[in-house]
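Colleague: My structure is in run_6.txt, and what it holds is compact mmCIF, C-alpha atoms:
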```
# COMPACT_ATOMS: atom_id res chain seq x y z
CA MET A 1 234.66 -58.39 141.83
CA SER A 2 238.20 -57.94 143.18
CA GLU A 3 239.15 -59.26 146.60
CA PRO A 4 239.81 -56.54 149.17
CA ALA A 5 243.32 -55.93 150.44
CA ARG A 6 243.28 -57.41 153.93
CA VAL A 7 245.58 -57.06 156.93
CA ARG A 8 244.90 -58.94 160.16
CA ILE A 9 246.68 -58.07 163.39
CA VAL A 10 246.40 -59.28 166.96
CA LEU A 11 247.40 -56.38 169.19
CA PRO A 12 249.65 -57.31 172.09
CA PRO A 13 248.91 -55.65 175.45
CA VAL A 14 251.95 -53.37 175.29
CA PRO A 15 252.23 -49.57 175.23
CA ASP A 16 251.37 -47.99 171.87
CA ALA A 17 250.12 -51.28 170.37
CA GLU A 18 247.38 -49.21 168.72
CA LEU A 19 250.01 -47.74 166.42
CA LEU A 20 250.40 -51.14 164.75
CA ALA A 21 246.81 -50.81 163.55
CA ALA A 22 247.46 -47.23 162.46
CA ARG A 23 250.40 -48.42 160.34
CA ALA A 24 248.23 -51.05 158.69
CA VAL A 25 245.67 -48.35 157.84
CA GLN A 26 248.47 -46.26 156.36
CA ASP A 27 249.65 -49.12 154.15
CA VAL A 28 246.20 -50.15 152.94
CA GLY A 29 244.99 -46.58 152.45
CA ALA A 30 248.08 -45.56 150.48
CA ARG A 31 247.46 -48.46 148.08
CA LEU A 32 243.92 -47.17 147.55
CA GLY A 33 245.15 -43.66 146.82
CA PHE A 34 243.78 -42.04 149.95
CA ALA A 35 245.12 -38.55 150.63
CA ARG A 36 247.52 -38.17 153.55
CA ASP A 37 245.18 -35.95 155.54
CA THR A 38 242.28 -38.36 155.12
CA LEU A 39 244.43 -41.26 156.23
CA GLU A 40 245.50 -39.37 159.32
CA GLU A 41 241.86 -38.92 160.27
CA VAL A 42 241.22 -42.64 159.77
CA LYS A 43 244.31 -43.49 161.82
CA LEU A 44 243.15 -41.27 164.65
CA ALA A 45 239.74 -42.97 164.70
CA VAL A 46 241.30 -46.44 164.58
CA VAL A 47 243.67 -45.56 167.41
CA GLU A 48 240.63 -44.62 169.51
CA ALA A 49 238.82 -47.86 168.72
CA CYS A 50 241.92 -49.87 169.60
CA LEU A 51 242.52 -47.95 172.84
CA ASN A 52 238.96 -48.66 173.97
CA ALA A 53 239.34 -52.33 173.12
CA LEU A 54 242.72 -52.61 174.83
CA GLU A 55 241.42 -50.84 177.92
CA HIS A 56 238.03 -52.50 178.29
CA GLY A 57 238.54 -55.79 176.49
CA ALA A 58 239.87 -58.89 178.14
CA GLY A 59 243.11 -60.03 176.57
CA GLU A 60 243.75 -59.99 172.86
CA VAL A 61 242.37 -57.37 170.52
CA GLU A 62 241.95 -58.34 166.89
CA VAL A 63 242.13 -55.76 164.13
CA GLU A 64 241.25 -56.34 160.51
CA VAL A 65 241.94 -53.63 157.95
CA LEU A 66 240.21 -54.05 154.60
CA GLY A 67 240.82 -51.98 151.50
CA HIS A 68 237.91 -52.18 149.05
CA ARG A 69 238.11 -51.04 145.45
CA ASN A 70 234.88 -52.35 143.98
CA GLY A 71 231.22 -51.40 144.20
CA GLU A 72 230.85 -48.10 146.04
CA GLY A 73 234.39 -46.98 145.22
CA PRO A 74 237.63 -47.05 147.21
CA ARG A 75 237.05 -47.33 150.93
CA ILE A 76 238.75 -48.52 154.08
CA GLU A 77 236.90 -50.73 156.52
CA VAL A 78 238.42 -51.51 159.91
CA LEU A 79 237.06 -54.09 162.34
CA VAL A 80 238.29 -53.93 165.94
CA THR A 81 237.22 -56.87 168.09
CA ASP A 82 237.69 -57.51 171.79
CA HIS A 83 236.36 -60.03 174.26
CA GLY A 84 235.60 -57.83 177.24
CA PRO A 85 232.32 -57.34 179.08
CA GLY A 86 230.77 -55.25 176.30
CA PHE A 87 228.88 -51.96 176.45
CA ASP A 88 225.78 -50.24 175.11
CA PRO A 89 226.91 -47.50 172.70
CA ARG A 90 223.53 -45.76 173.09
CA ARG A 91 224.40 -45.12 176.73
CA VAL A 92 227.73 -43.45 176.00
CA PRO A 93 227.11 -39.74 176.55
CA SER A 94 228.23 -37.20 173.98
CA PRO A 95 231.05 -35.29 175.70
CA GLN A 96 230.74 -31.53 176.19
CA ILE A 97 233.93 -29.55 176.62
CA GLU A 98 232.43 -27.21 179.21
CA ALA A 99 231.53 -30.12 181.48
CA LYS A 100 234.84 -31.86 180.83
CA LEU A 101 236.83 -28.75 181.71
CA HIS A 102 235.16 -28.34 185.07
CA GLY A 103 234.67 -32.01 185.85
CA ASN A 104 237.00 -34.64 187.25
CA ARG A 105 236.67 -37.00 184.30
CA LYS A 106 238.26 -35.47 181.24
CA ARG A 107 238.25 -38.63 179.16
CA GLY A 108 235.39 -40.07 177.12
CA TRP A 109 236.08 -38.54 173.68
CA GLY A 110 236.88 -41.72 171.76
CA LEU A 111 233.49 -42.68 170.33
CA GLU A 112 232.62 -39.06 169.57
CA LEU A 113 235.83 -38.58 167.61
CA MET A 114 235.30 -41.83 165.69
CA ARG A 115 231.79 -40.77 164.69
CA HIS A 116 232.99 -37.42 163.35
CA LEU A 117 236.11 -38.69 161.61
CA MET A 118 234.58 -41.69 159.81
CA ASP A 119 231.71 -42.07 157.36
CA ALA A 120 230.17 -44.88 159.42
CA VAL A 121 230.74 -46.36 162.87
CA ASP A 122 228.82 -49.47 163.91
CA VAL A 123 229.13 -51.22 167.24
CA VAL A 124 228.01 -54.77 167.96
CA SER A 125 228.45 -55.63 171.61
CA LYS A 126 227.46 -58.34 174.02
CA PRO A 127 229.28 -59.90 176.98
CA GLY A 128 232.47 -61.48 175.67
CA TYR A 129 232.32 -59.93 172.22
CA THR A 130 232.51 -56.35 171.03
CA GLN A 131 233.21 -55.37 167.47
CA VAL A 132 233.57 -51.80 166.25
CA ARG A 133 233.33 -51.36 162.50
CA LEU A 134 234.74 -48.17 161.01
CA LEU A 135 234.24 -47.16 157.40
CA ARG A 136 235.76 -44.29 155.45
CA ARG A 137 235.34 -43.68 151.75
CA ARG A 138 238.03 -41.98 149.71
CA GLY A 139 236.78 -38.42 149.54
CA GLY A 140 234.25 -39.02 152.31
CA GLN A 141 233.47 -36.88 155.39
CA MET B 142 258.02 -40.09 163.69
CA GLU B 143 256.01 -41.22 166.72
CA THR B 144 258.78 -40.90 169.32
CA PHE B 145 257.67 -38.27 171.78
CA GLU B 146 259.80 -35.26 172.64
CA LEU B 147 258.99 -32.05 174.45
CA ARG B 148 261.16 -28.95 174.45
CA VAL B 149 260.68 -25.49 175.87
CA ALA B 150 261.76 -23.56 172.79
CA GLU B 151 261.28 -20.08 174.24
CA SER B 152 260.34 -18.65 177.60
CA ILE B 153 260.27 -14.89 177.66
CA GLY B 154 258.41 -13.11 180.42
CA VAL B 155 255.04 -14.71 180.92
CA VAL B 156 255.04 -16.45 177.53
CA ALA B 157 256.49 -19.92 176.92
CA VAL B 158 256.62 -21.87 173.67
CA LEU B 159 256.67 -25.65 173.94
CA GLU B 160 257.58 -27.71 170.89
CA VAL B 161 256.00 -31.13 170.83
CA THR B 162 257.27 -33.93 168.60
CA GLY B 163 255.58 -37.28 168.01
CA TYR B 164 252.60 -39.16 169.39
CA ILE B 165 250.73 -37.45 172.24
CA ASN B 166 249.56 -40.47 174.23
CA ASN B 167 249.27 -40.94 177.99
CA GLU B 168 253.02 -40.64 178.59
CA GLY B 169 253.38 -37.68 176.26
CA GLY B 170 250.36 -35.99 177.79
CA GLU B 171 251.75 -36.51 181.29
CA ALA B 172 255.10 -35.03 180.25
CA ILE B 173 253.27 -32.02 178.81
CA ALA B 174 251.19 -31.62 181.99
CA ARG B 175 254.31 -31.79 184.19
CA GLU B 176 256.23 -29.21 182.17
CA ALA B 177 253.23 -26.92 181.83
CA GLY B 178 252.65 -27.17 185.58
CA ARG B 179 256.25 -26.21 186.26
CA LEU B 180 256.02 -23.21 183.96
CA LEU B 181 252.72 -22.05 185.47
CA ASP B 182 254.14 -22.46 188.98
CA THR B 183 257.04 -20.16 188.07
CA GLY B 184 254.94 -17.36 186.63
CA THR B 185 254.27 -18.28 183.00
CA ARG B 186 250.73 -17.35 182.05
CA VAL B 187 250.70 -17.93 178.29
CA LEU B 188 251.50 -21.41 177.02
CA LEU B 189 251.89 -21.85 173.27
CA PHE B 190 252.15 -25.44 172.04
CA ASP B 191 253.82 -25.72 168.63
CA LEU B 192 252.60 -29.02 167.17
CA HIS B 193 254.31 -28.84 163.77
CA ALA B 194 256.04 -32.18 164.42
CA THR B 195 253.00 -33.96 165.82
CA ARG B 196 250.73 -35.89 163.45
CA ILE B 197 248.79 -38.05 165.89
CA ILE B 198 247.19 -37.63 169.28
CA ASN B 199 244.89 -39.87 171.26
CA SER B 200 242.03 -39.14 173.62
CA ILE B 201 244.14 -39.84 176.71
CA GLY B 202 246.62 -37.21 175.56
CA ILE B 203 243.69 -34.91 174.84
CA SER B 204 242.33 -35.36 178.37
CA LEU B 205 245.71 -34.38 179.80
CA LEU B 206 245.77 -31.27 177.58
CA LEU B 207 242.35 -30.41 179.04
CA GLU B 208 243.85 -30.60 182.53
CA VAL B 209 246.54 -28.12 181.46
CA LEU B 210 243.87 -25.91 179.91
CA GLU B 211 241.77 -25.95 183.09
CA ARG B 212 244.75 -25.05 185.27
CA THR B 213 245.83 -22.27 182.89
CA LEU B 214 242.34 -20.75 182.78
CA ASP B 215 242.04 -20.96 186.58
CA LEU B 216 245.18 -18.81 186.80
CA GLY B 217 243.78 -16.29 184.32
CA GLY B 218 246.22 -17.43 181.65
CA THR B 219 245.98 -18.39 177.99
CA LEU B 220 246.58 -21.72 176.31
CA ALA B 221 247.32 -21.64 172.60
CA PHE B 222 248.29 -24.01 169.81
CA CYS B 223 249.95 -23.42 166.46
CA CYS B 224 250.98 -25.41 163.38
CA LEU B 225 248.27 -28.04 163.74
CA SER B 226 248.03 -30.84 161.19
CA PRO B 227 244.62 -30.95 159.47
CA SER B 228 243.55 -34.06 161.42
CA ILE B 229 244.52 -32.58 164.79
CA SER B 230 242.86 -29.31 163.83
CA LYS B 231 239.68 -31.24 163.01
CA THR B 232 239.92 -33.13 166.30
CA PHE B 233 240.14 -29.89 168.28
CA GLN B 234 237.23 -28.52 166.26
CA ILE B 235 235.09 -31.57 167.05
CA MET B 236 235.87 -31.09 170.75
CA GLY B 237 235.04 -27.40 170.70
CA LEU B 238 238.49 -26.58 172.03
CA ALA B 239 238.68 -23.28 170.17
CA GLN B 240 236.12 -21.84 172.59
CA TYR B 241 238.72 -22.01 175.35
CA ALA B 242 242.13 -22.16 173.68
CA ARG B 243 243.56 -19.98 170.92
CA ILE B 244 244.63 -21.58 167.68
CA PHE B 245 247.07 -20.02 165.20
CA PRO B 246 248.37 -21.14 161.81
CA ASP B 247 252.04 -20.54 162.69
CA ARG B 248 254.30 -19.59 165.57
CA ALA B 249 255.17 -16.09 164.34
CA THR B 250 251.51 -15.09 164.08
CA ALA B 251 250.83 -16.58 167.50
CA LEU B 252 253.64 -14.70 169.19
CA VAL B 253 252.60 -11.38 167.68
CA GLU B 254 249.13 -11.93 169.15
CA LEU B 255 250.14 -13.45 172.47
CA ARG B 256 253.10 -11.36 173.59
CA PRO B 257 252.08 -8.46 175.82
CA ALA B 258 252.49 -5.05 174.21
CA PRO B 259 255.72 -3.34 175.36
```
In structure tokens, what does this structure look like?

Modeller:
Amino acid sequence: MSEPARVRIVLPPVPDAELLAARAVQDVGARLGFARDTLEEVKLAVVEACLNALEHGAGEVEVEVLGHRNGEGPRIEVLVTDHGPGFDPRRVPSPQIEAKLHGNRKRGWGLELMRHLMDAVDVVSKPGYTQVRLLRRRGGQ
Amino acid sequence: METFELRVAESIGVVAVLEVTGYINNEGGEAIAREAGRLLDTGTRVLLFDLHATRIINSIGISLLLEVLERTLDLGGTLAFCCLSPSISKTFQIMGLAQYARIFPDRATALVELRPAP
């Protein structure tokens, strides 16, 4: 059993901090032999998870990027943790472009994009602690 | 790579081509919305966004593109994109954007389709 490659980052509350996490995904994924296009999809999903955490969390956002080689094959796992009020992912509506185009609120795509771009998205949330876990296998989706 | 730039590469008649470079985030999306608004206010009715130098976009940038799309459609115009990276193409597909905006593989093909016949 080999240890996963592991990068831990605490995102500062500054513009484009989410790109720090995207760069970590790039580095870990490249070591695992992920294709460029696959990595760009993972980066997009991770950017969305980080944006949500930075926007709704309270203070620091922690990101852990893990590159696994063993067991089920090469895969990237990303954990994004914030300490905001939390939310119920079952109550996040699936956005519809027709409604978004004619409505005032055009945002609300983040979770939907994550779910389509990753092989698995799990959310654990309670007041003071929310963790989004994203998983993408090499050759997945 | 992620530094945002926006340039009106061509503006002929009612058709304008906007080249976007870098990360389309809130600031990039706002810059796009401002420039698109200016073009629409001065008679442009077809906006073609060339994204060949853009590899990443976020959902705030996307929401601002939707505002541009809504305004363009309200004026009876057309919003189009070309040269999408595979991940951005997939993102637009997930959103269902192709129902309302036109998507082309390259700029030359787009302009042949979008320019009014002489």

Colleague: Could you work out which residues of chain A fall inside 9 Å of chain B? Count all atoms listed in the file, and format the result as a ChimeraX atom specification.

Modeller: /A:16,19,37-41,43-45,47-48,51,95-98,100-102,105-110,112-113,116-117

Colleague: So that I have them on file, write out the residues from the current selection with C-alpha atoms, as a PDB file, keeping the file's coordinate frame.

Modeller:
```
ATOM      1  CA  ASP A  16     251.370 -47.990 171.870  1.00  0.00           C
ATOM      2  CA  LEU A  19     250.010 -47.740 166.420  1.00  0.00           C
ATOM      3  CA  ASP A  37     245.180 -35.950 155.540  1.00  0.00           C
ATOM      4  CA  THR A  38     242.280 -38.360 155.120  1.00  0.00           C
ATOM      5  CA  LEU A  39     244.430 -41.260 156.230  1.00  0.00           C
ATOM      6  CA  GLU A  40     245.500 -39.370 159.320  1.00  0.00           C
ATOM      7  CA  GLU A  41     241.860 -38.920 160.270  1.00  0.00           C
ATOM      8  CA  LYS A  43     244.310 -43.490 161.820  1.00  0.00           C
ATOM      9  CA  LEU A  44     243.150 -41.270 164.650  1.00  0.00           C
ATOM     10  CA  ALA A  45     239.740 -42.970 164.700  1.00  0.00           C
ATOM     11  CA  VAL A  47     243.670 -45.560 167.410  1.00  0.00           C
ATOM     12  CA  GLU A  48     240.630 -44.620 169.510  1.00  0.00           C
ATOM     13  CA  LEU A  51     242.520 -47.950 172.840  1.00  0.00           C
ATOM     14  CA  PRO A  95     231.050 -35.290 175.700  1.00  0.00           C
ATOM     15  CA  GLN A  96     230.740 -31.530 176.190  1.00  0.00           C
ATOM     16  CA  ILE A  97     233.930 -29.550 176.620  1.00  0.00           C
ATOM     17  CA  GLU A  98     232.430 -27.210 179.210  1.00  0.00           C
ATOM     18  CA  LYS A 100     234.840 -31.860 180.830  1.00  0.00           C
ATOM     19  CA  LEU A 101     236.830 -28.750 181.710  1.00  0.00           C
ATOM     20  CA  HIS A 102     235.160 -28.340 185.070  1.00  0.00           C
ATOM     21  CA  ARG A 105     236.670 -37.000 184.300  1.00  0.00           C
ATOM     22  CA  LYS A 106     238.260 -35.470 181.240  1.00  0.00           C
ATOM     23  CA  ARG A 107     238.250 -38.630 179.160  1.00  0.00           C
ATOM     24  CA  GLY A 108     235.390 -40.070 177.120  1.00  0.00           C
ATOM     25  CA  TRP A 109     236.080 -38.540 173.680  1.00  0.00           C
ATOM     26  CA  GLY A 110     236.880 -41.720 171.760  1.00  0.00           C
ATOM     27  CA  GLU A 112     232.620 -39.060 169.570  1.00  0.00           C
ATOM     28  CA  LEU A 113     235.830 -38.580 167.610  1.00  0.00           C
ATOM     29  CA  HIS A 116     232.990 -37.420 163.350  1.00  0.00           C
ATOM     30  CA  LEU A 117     236.110 -38.690 161.610  1.00  0.00           C
TER      31      LEU A 117
END
```

Colleague: Give me the residues near range 252-256 of chain B as a PyMOL selection string, where near means some atom within 9 Å (using only C-alpha atoms) and where sequence neighbours in that chain fewer than 2 positions away do not count.

Modeller: chain B and resi 153-156+158+187+189+219+221+247-250+258-259

Colleague: Just the number, please: distance in Å from CA of Phe87 in chain A to CA of Thr130 in chain A, one decimal.

Modeller: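 These two atoms are separated by 7.9 Å.
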
Colleague: Identify which of the residues A:Gly29, A:Pro85, A:Arg69, A:Cys50 lies closest to Pro15 in chain A, counting only C-alpha atoms when measuring atom-to-atom distances.

Modeller: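 Selected residue with least distance to Pro15 in chain A: A:Cys50.
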
Colleague: If you count all atoms listed in the file, which residues fall within 8 Å of range 125-128 of chain A, apart from same-chain ones fewer than 3 positions away, as an MDAnalysis selection string?

Modeller: chainID A and resid 82:88 131

Colleague: Could you check which residues have any atom within 12 Å of (250.8, -51.1, 169.3), counting only C-alpha atoms with coordinates taken straight from the file, and then list them as a PyMOL selection string?

Modeller: (chain A and resi 9-24+46-47+50-51+54+60-63) or (chain B and resi 143+166)

Colleague: For CA of Ile165 in chain B and CA of Phe190 in chain B, determine how far apart the two atoms are, in Å to one decimal place.

Modeller: 12.1 Å

Colleague: Show me, as JSON, the centre and edge lengths in Å to one decimal of the axis-aligned box that covers every listed atom of range 243-251 of chain B with 3 Å on each side.

Modeller:
```
{"center_x": 249.4, "center_y": -18.3, "center_z": 166.4, "size_x": 17.6, "size_y": 12.5, "size_z": 15.1}
```

Colleague: What does the distance between CA of Val28 in chain A and CA of Arg6 in chain A come to in Å, to one decimal place?

Modeller: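 These two atoms are separated by 7.9 Å.
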
Colleague: Have a look at A:Leu66, A:Ala30, A:Ala5, A:Ala53 and name the one nearest to Leu134 in chain A; count all atoms listed in the file.

Modeller: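 Of the candidates, the smallest distance to Leu134 in chain A is held by A:Leu66.
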
Colleague: Between A:Val80, A:Glu55, A:Asp119, A:Leu111, which residue has the minimum interatomic distance to Pro93 in chain A, considering all atoms listed in the file?

Modeller: A:Leu111

Colleague: Output requested as a PDB file, keeping the file's coordinate frame - range 63-92 of chain A, filled out with N, CA and C atoms.

Modeller:
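Saved file out-v6.pdb follows:
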```pdb
ATOM      1  N   VAL A  63     242.394 -56.872 165.058  1.00  0.00           N
ATOM      2  CA  VAL A  63     242.130 -55.760 164.130  1.00  0.00           C
ATOM      3  C   VAL A  63     242.221 -56.292 162.709  1.00  0.00           C
ATOM      4  N   GLU A  64     241.235 -55.966 161.920  1.00  0.00           N
ATOM      5  CA  GLU A  64     241.250 -56.340 160.510  1.00  0.00           C
ATOM      6  C   GLU A  64     241.066 -55.061 159.693  1.00  0.00           C
ATOM      7  N   VAL A  65     242.006 -54.812 158.817  1.00  0.00           N
ATOM      8  CA  VAL A  65     241.940 -53.630 157.950  1.00  0.00           C
ATOM      9  C   VAL A  65     241.685 -54.100 156.529  1.00  0.00           C
ATOM     10  N   LEU A  66     240.596 -53.619 155.946  1.00  0.00           N
ATOM     11  CA  LEU A  66     240.210 -54.050 154.600  1.00  0.00           C
ATOM     12  C   LEU A  66     240.226 -52.841 153.654  1.00  0.00           C
ATOM     13  N   GLY A  67     240.833 -53.030 152.520  1.00  0.00           N
ATOM     14  CA  GLY A  67     240.820 -51.980 151.500  1.00  0.00           C
ATOM     15  C   GLY A  67     239.986 -52.438 150.330  1.00  0.00           C
ATOM     16  N   HIS A  68     238.829 -51.779 150.127  1.00  0.00           N
ATOM     17  CA  HIS A  68     237.910 -52.180 149.050  1.00  0.00           C
ATOM     18  C   HIS A  68     238.082 -51.251 147.850  1.00  0.00           C
ATOM     19  N   ARG A  69     238.028 -51.845 146.673  1.00  0.00           N
ATOM     20  CA  ARG A  69     238.110 -51.040 145.450  1.00  0.00           C
ATOM     21  C   ARG A  69     236.829 -51.103 144.634  1.00  0.00           C
ATOM     22  N   ASN A  70     236.018 -52.093 144.876  1.00  0.00           N
ATOM     23  CA  ASN A  70     234.880 -52.350 143.980  1.00  0.00           C
ATOM     24  C   ASN A  70     233.600 -51.683 144.488  1.00  0.00           C
ATOM     25  N   GLY A  71     232.539 -51.832 143.751  1.00  0.00           N
ATOM     26  CA  GLY A  71     231.220 -51.400 144.200  1.00  0.00           C
ATOM     27  C   GLY A  71     231.126 -49.902 144.432  1.00  0.00           C
ATOM     28  N   GLU A  72     231.079 -49.514 145.699  1.00  0.00           N
ATOM     29  CA  GLU A  72     230.850 -48.100 146.040  1.00  0.00           C
ATOM     30  C   GLU A  72     232.091 -47.234 145.903  1.00  0.00           C
ATOM     31  N   GLY A  73     233.175 -47.760 145.368  1.00  0.00           N
ATOM     32  CA  GLY A  73     234.390 -46.980 145.220  1.00  0.00           C
ATOM     33  C   GLY A  73     235.378 -47.285 146.330  1.00  0.00           C
ATOM     34  N   PRO A  74     236.588 -46.712 146.227  1.00  0.00           N
ATOM     35  CA  PRO A  74     237.630 -47.050 147.210  1.00  0.00           C
ATOM     36  C   PRO A  74     237.211 -46.671 148.622  1.00  0.00           C
ATOM     37  N   ARG A  75     237.400 -47.596 149.530  1.00  0.00           N
ATOM     38  CA  ARG A  75     237.050 -47.330 150.930  1.00  0.00           C
ATOM     39  C   ARG A  75     237.830 -48.246 151.854  1.00  0.00           C
ATOM     40  N   ILE A  76     238.044 -47.750 153.050  1.00  0.00           N
ATOM     41  CA  ILE A  76     238.750 -48.520 154.080  1.00  0.00           C
ATOM     42  C   ILE A  76     237.723 -48.940 155.127  1.00  0.00           C
ATOM     43  N   GLU A  77     237.762 -50.208 155.466  1.00  0.00           N
ATOM     44  CA  GLU A  77     236.900 -50.730 156.520  1.00  0.00           C
ATOM     45  C   GLU A  77     237.822 -51.345 157.582  1.00  0.00           C
ATOM     46  N   VAL A  78     237.587 -50.986 158.816  1.00  0.00           N
ATOM     47  CA  VAL A  78     238.420 -51.510 159.910  1.00  0.00           C
ATOM     48  C   VAL A  78     237.504 -52.148 160.945  1.00  0.00           C
ATOM     49  N   LEU A  79     237.816 -53.375 161.318  1.00  0.00           N
ATOM     50  CA  LEU A  79     237.060 -54.090 162.340  1.00  0.00           C
ATOM     51  C   LEU A  79     237.958 -54.280 163.555  1.00  0.00           C
ATOM     52  N   VAL A  80     237.518 -53.802 164.695  1.00  0.00           N
ATOM     53  CA  VAL A  80     238.290 -53.930 165.940  1.00  0.00           C
ATOM     54  C   VAL A  80     237.459 -54.775 166.899  1.00  0.00           C
ATOM     55  N   THR A  81     237.992 -55.914 167.290  1.00  0.00           N
ATOM     56  CA  THR A  81     237.220 -56.870 168.090  1.00  0.00           C
ATOM     57  C   THR A  81     237.919 -57.152 169.413  1.00  0.00           C
ATOM     58  N   ASP A  82     237.139 -57.089 170.493  1.00  0.00           N
ATOM     59  CA  ASP A  82     237.690 -57.510 171.790  1.00  0.00           C
ATOM     60  C   ASP A  82     236.721 -58.464 172.463  1.00  0.00           C
ATOM     61  N   HIS A  83     237.161 -59.015 173.565  1.00  0.00           N
ATOM     62  CA  HIS A  83     236.360 -60.030 174.260  1.00  0.00           C
ATOM     63  C   HIS A  83     236.109 -59.635 175.717  1.00  0.00           C
ATOM     64  N   GLY A  84     235.895 -58.360 175.904  1.00  0.00           N
ATOM     65  CA  GLY A  84     235.600 -57.830 177.240  1.00  0.00           C
ATOM     66  C   GLY A  84     234.120 -57.936 177.562  1.00  0.00           C
ATOM     67  N   PRO A  85     233.700 -57.204 178.606  1.00  0.00           N
ATOM     68  CA  PRO A  85     232.320 -57.340 179.080  1.00  0.00           C
ATOM     69  C   PRO A  85     231.274 -56.714 178.150  1.00  0.00           C
ATOM     70  N   GLY A  86     231.714 -55.878 177.222  1.00  0.00           N
ATOM     71  CA  GLY A  86     230.770 -55.250 176.300  1.00  0.00           C
ATOM     72  C   GLY A  86     230.180 -53.964 176.868  1.00  0.00           C
ATOM     73  N   PHE A  87     229.510 -53.216 176.018  1.00  0.00           N
ATOM     74  CA  PHE A  87     228.880 -51.960 176.450  1.00  0.00           C
ATOM     75  C   PHE A  87     227.751 -51.616 175.493  1.00  0.00           C
ATOM     76  N   ASP A  88     226.890 -50.705 175.951  1.00  0.00           N
ATOM     77  CA  ASP A  88     225.780 -50.240 175.110  1.00  0.00           C
ATOM     78  C   ASP A  88     226.159 -48.871 174.545  1.00  0.00           C
ATOM     79  N   PRO A  89     226.454 -48.788 173.253  1.00  0.00           N
ATOM     80  CA  PRO A  89     226.910 -47.500 172.700  1.00  0.00           C
ATOM     81  C   PRO A  89     225.862 -46.400 172.833  1.00  0.00           C
ATOM     82  N   ARG A  90     224.573 -46.785 172.948  1.00  0.00           N
ATOM     83  CA  ARG A  90     223.530 -45.760 173.090  1.00  0.00           C
ATOM     84  C   ARG A  90     223.608 -45.063 174.443  1.00  0.00           C
ATOM     85  N   ARG A  91     224.300 -45.698 175.386  1.00  0.00           N
ATOM     86  CA  ARG A  91     224.400 -45.120 176.730  1.00  0.00           C
ATOM     87  C   ARG A  91     225.698 -44.359 176.948  1.00  0.00           C
ATOM     88  N   VAL A  92     226.493 -44.232 175.880  1.00  0.00           N
ATOM     89  CA  VAL A  92     227.730 -43.450 176.000  1.00  0.00           C
ATOM     90  C   VAL A  92     227.360 -41.992 175.741  1.00  0.00           C
TER      91      VAL A  92
END
```
